[in-house]
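Below: final_23.tsv (TSV, N, CA and C atoms)
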```tsv
chain	number	residue	atom	x	y	z
A	1	MET	N	-2.37	-13.60	-13.26
A	1	MET	CA	-1.61	-12.93	-14.30
A	1	MET	C	-0.52	-12.09	-13.64
A	2	SER	N	0.68	-12.18	-14.15
A	2	SER	CA	1.79	-11.44	-13.55
A	2	SER	C	1.83	-10.01	-14.07
A	3	GLU	N	2.44	-9.15	-13.25
A	3	GLU	CA	2.58	-7.72	-13.61
A	3	GLU	C	3.59	-7.58	-14.75
A	4	ASN	N	3.40	-6.58	-15.57
A	4	ASN	CA	4.34	-6.27	-16.63
A	4	ASN	C	5.31	-5.23	-16.09
A	5	TYR	N	6.51	-5.68	-15.70
A	5	TYR	CA	7.49	-4.76	-15.12
A	5	TYR	C	8.35	-4.08	-16.17
A	6	SER	N	8.09	-4.32	-17.44
A	6	SER	CA	8.86	-3.66	-18.49
A	6	SER	C	8.36	-2.23	-18.73
A	7	GLU	N	7.20	-1.89	-18.16
A	7	GLU	CA	6.66	-0.54	-18.29
A	7	GLU	C	6.80	0.19	-16.96
A	8	PHE	N	7.32	1.41	-17.01
A	8	PHE	CA	7.45	2.21	-15.80
A	8	PHE	C	6.16	2.99	-15.61
A	9	LYS	N	5.51	2.78	-14.48
A	9	LYS	CA	4.23	3.43	-14.21
A	9	LYS	C	4.48	4.71	-13.41
A	10	ILE	N	4.07	5.83	-13.98
A	10	ILE	CA	4.24	7.12	-13.32
A	10	ILE	C	2.98	7.41	-12.51
A	11	PRO	N	3.15	7.79	-11.23
A	11	PRO	CA	1.96	8.08	-10.43
A	11	PRO	C	1.20	9.29	-10.98
A	12	SER	N	-0.09	9.24	-10.85
A	12	SER	CA	-0.93	10.32	-11.36
A	12	SER	C	-1.11	11.39	-10.29
A	13	PHE	N	-1.01	12.63	-10.70
A	13	PHE	CA	-1.26	13.74	-9.80
A	13	PHE	C	-2.59	14.42	-10.12
A	14	ALA	N	-3.44	13.68	-10.78
A	14	ALA	CA	-4.76	14.21	-11.10
A	14	ALA	C	-5.54	14.43	-9.81
A	15	LYS	N	-6.46	15.37	-9.85
A	15	LYS	CA	-7.27	15.64	-8.67
A	15	LYS	C	-8.18	14.46	-8.37
A	16	ARG	N	-8.34	14.19	-7.10
A	16	ARG	CA	-9.24	13.11	-6.71
A	16	ARG	C	-10.67	13.56	-6.84
A	17	GLU	N	-11.56	12.57	-6.95
A	17	GLU	CA	-12.99	12.88	-7.00
A	17	GLU	C	-13.42	13.48	-5.67
A	18	THR	N	-14.26	14.47	-5.74
A	18	THR	CA	-14.79	15.07	-4.51
A	18	THR	C	-16.31	15.03	-4.57
A	19	TYR	N	-16.89	15.12	-3.42
A	19	TYR	CA	-18.34	15.12	-3.34
A	19	TYR	C	-18.86	16.52	-3.63
A	20	ASN	N	-19.92	16.62	-4.40
A	20	ASN	CA	-20.52	17.90	-4.70
A	20	ASN	C	-21.77	18.05	-3.84
A	21	PHE	N	-21.61	18.73	-2.70
A	21	PHE	CA	-22.72	18.88	-1.79
A	21	PHE	C	-23.76	19.87	-2.29
A	22	ALA	N	-23.40	20.66	-3.29
A	22	ALA	CA	-24.35	21.61	-3.85
A	22	ALA	C	-25.49	20.88	-4.55
A	23	GLU	N	-25.23	19.67	-5.03
A	23	GLU	CA	-26.25	18.90	-5.73
A	23	GLU	C	-27.01	17.96	-4.79
A	24	SER	N	-26.73	18.05	-3.50
A	24	SER	CA	-27.40	17.17	-2.54
A	24	SER	C	-28.87	17.54	-2.40
A	25	THR	N	-29.68	16.53	-2.20
A	25	THR	CA	-31.09	16.78	-1.98
A	25	THR	C	-31.31	17.16	-0.52
A	26	ASN	N	-32.50	17.64	-0.21
A	26	ASN	CA	-32.82	18.02	1.15
A	26	ASN	C	-32.73	16.81	2.08
A	27	GLU	N	-33.14	15.65	1.57
A	27	GLU	CA	-33.06	14.42	2.38
A	27	GLU	C	-31.61	14.07	2.71
A	28	ASP	N	-30.72	14.25	1.74
A	28	ASP	CA	-29.29	14.00	1.98
A	28	ASP	C	-28.76	14.93	3.07
A	29	LEU	N	-29.13	16.21	2.98
A	29	LEU	CA	-28.65	17.18	3.96
A	29	LEU	C	-29.16	16.85	5.36
A	30	LEU	N	-30.38	16.35	5.47
A	30	LEU	CA	-30.91	15.95	6.77
A	30	LEU	C	-30.12	14.78	7.35
A	31	ILE	N	-29.71	13.86	6.49
A	31	ILE	CA	-28.90	12.73	6.95
A	31	ILE	C	-27.55	13.23	7.44
A	32	TYR	N	-26.92	14.15	6.70
A	32	TYR	CA	-25.63	14.70	7.13
A	32	TYR	C	-25.76	15.43	8.46
A	33	GLU	N	-26.84	16.18	8.64
A	33	GLU	CA	-27.07	16.88	9.90
A	33	GLU	C	-27.21	15.89	11.06
A	34	GLU	N	-27.94	14.81	10.81
A	34	GLU	CA	-28.13	13.78	11.84
A	34	GLU	C	-26.80	13.10	12.19
A	35	LEU	N	-26.02	12.80	11.17
A	35	LEU	CA	-24.71	12.18	11.42
A	35	LEU	C	-23.79	13.13	12.18
A	36	ASN	N	-23.83	14.40	11.87
A	36	ASN	CA	-23.02	15.38	12.60
A	36	ASN	C	-23.47	15.49	14.04
A	37	ALA	N	-24.78	15.46	14.28
A	37	ALA	CA	-25.29	15.51	15.65
A	37	ALA	C	-24.84	14.28	16.44
A	38	ILE	N	-24.85	13.12	15.81
A	38	ILE	CA	-24.38	11.90	16.48
A	38	ILE	C	-22.89	12.01	16.79
A	39	ALA	N	-22.11	12.50	15.84
A	39	ALA	CA	-20.67	12.66	16.04
A	39	ALA	C	-20.38	13.63	17.18
A	40	GLN	N	-21.15	14.70	17.28
A	40	GLN	CA	-20.94	15.67	18.36
A	40	GLN	C	-21.29	15.05	19.71
A	41	GLU	N	-22.33	14.25	19.76
A	41	GLU	CA	-22.72	13.59	21.01
A	41	GLU	C	-21.65	12.58	21.43
A	42	ILE	N	-21.11	11.84	20.48
A	42	ILE	CA	-20.03	10.90	20.79
A	42	ILE	C	-18.81	11.64	21.32
A	43	GLU	N	-18.48	12.77	20.70
A	43	GLU	CA	-17.33	13.57	21.14
A	43	GLU	C	-17.54	14.09	22.56
A	44	LYS	N	-18.75	14.53	22.89
A	44	LYS	CA	-19.05	14.99	24.26
A	44	LYS	C	-18.82	13.86	25.25
A	45	CYS	N	-19.33	12.67	24.93
A	45	CYS	CA	-19.17	11.51	25.82
A	45	CYS	C	-17.70	11.14	25.96
A	46	ARG	N	-16.98	11.19	24.86
A	46	ARG	CA	-15.55	10.84	24.88
A	46	ARG	C	-14.78	11.79	25.78
A	47	LEU	N	-15.06	13.08	25.65
A	47	LEU	CA	-14.37	14.08	26.46
A	47	LEU	C	-14.73	13.96	27.93
A	48	ARG	N	-15.97	13.59	28.22
A	48	ARG	CA	-16.42	13.42	29.60
A	48	ARG	C	-15.72	12.24	30.28
A	49	ASN	N	-15.37	11.21	29.50
A	49	ASN	CA	-14.79	10.00	30.05
A	49	ASN	C	-13.27	10.01	30.08
A	50	CYS	N	-12.65	11.09	29.67
A	50	CYS	CA	-11.18	11.16	29.68
A	50	CYS	C	-10.64	11.37	31.07
```
Would you mind giving the structure from this file in structure tokens?
Amino acid sequence: MSENYSEFKIPSFAKRETYNFAESTNEDLLIYEELNAIAQEIEKCRLRNC
């Protein structure tokens, strides 16, 4: 199906969806902590190898 170019589409400046960490469960927070620990370890290795 082809686009309808007879209508001018105005970009939206509405706020983007954001994550609400206040509603996260304890299990979710543990996963985020683990991911942050992994990211920090990767960063240490990266800096060591520069």
task = May I ask for the distance between CA of Leu30 in chain A and CA of Thr18 in chain A, given in Å to one decimal place?
result =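 Here the two named atoms are 19.7 Å from each other.
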Alpha helix (DSSP H) per DSSP on the backbone: members of range 2-44 of chain A, as a PyMOL selection string = chain A and resi 26-44
d(atom N of Ser24 in chain A, CA of Ala37 in chain A) in Å = 19.4 Å
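Interatomic distance, atom C of Tyr32 in chain A against CA of Lys15 in chain A: 25.2 Å.
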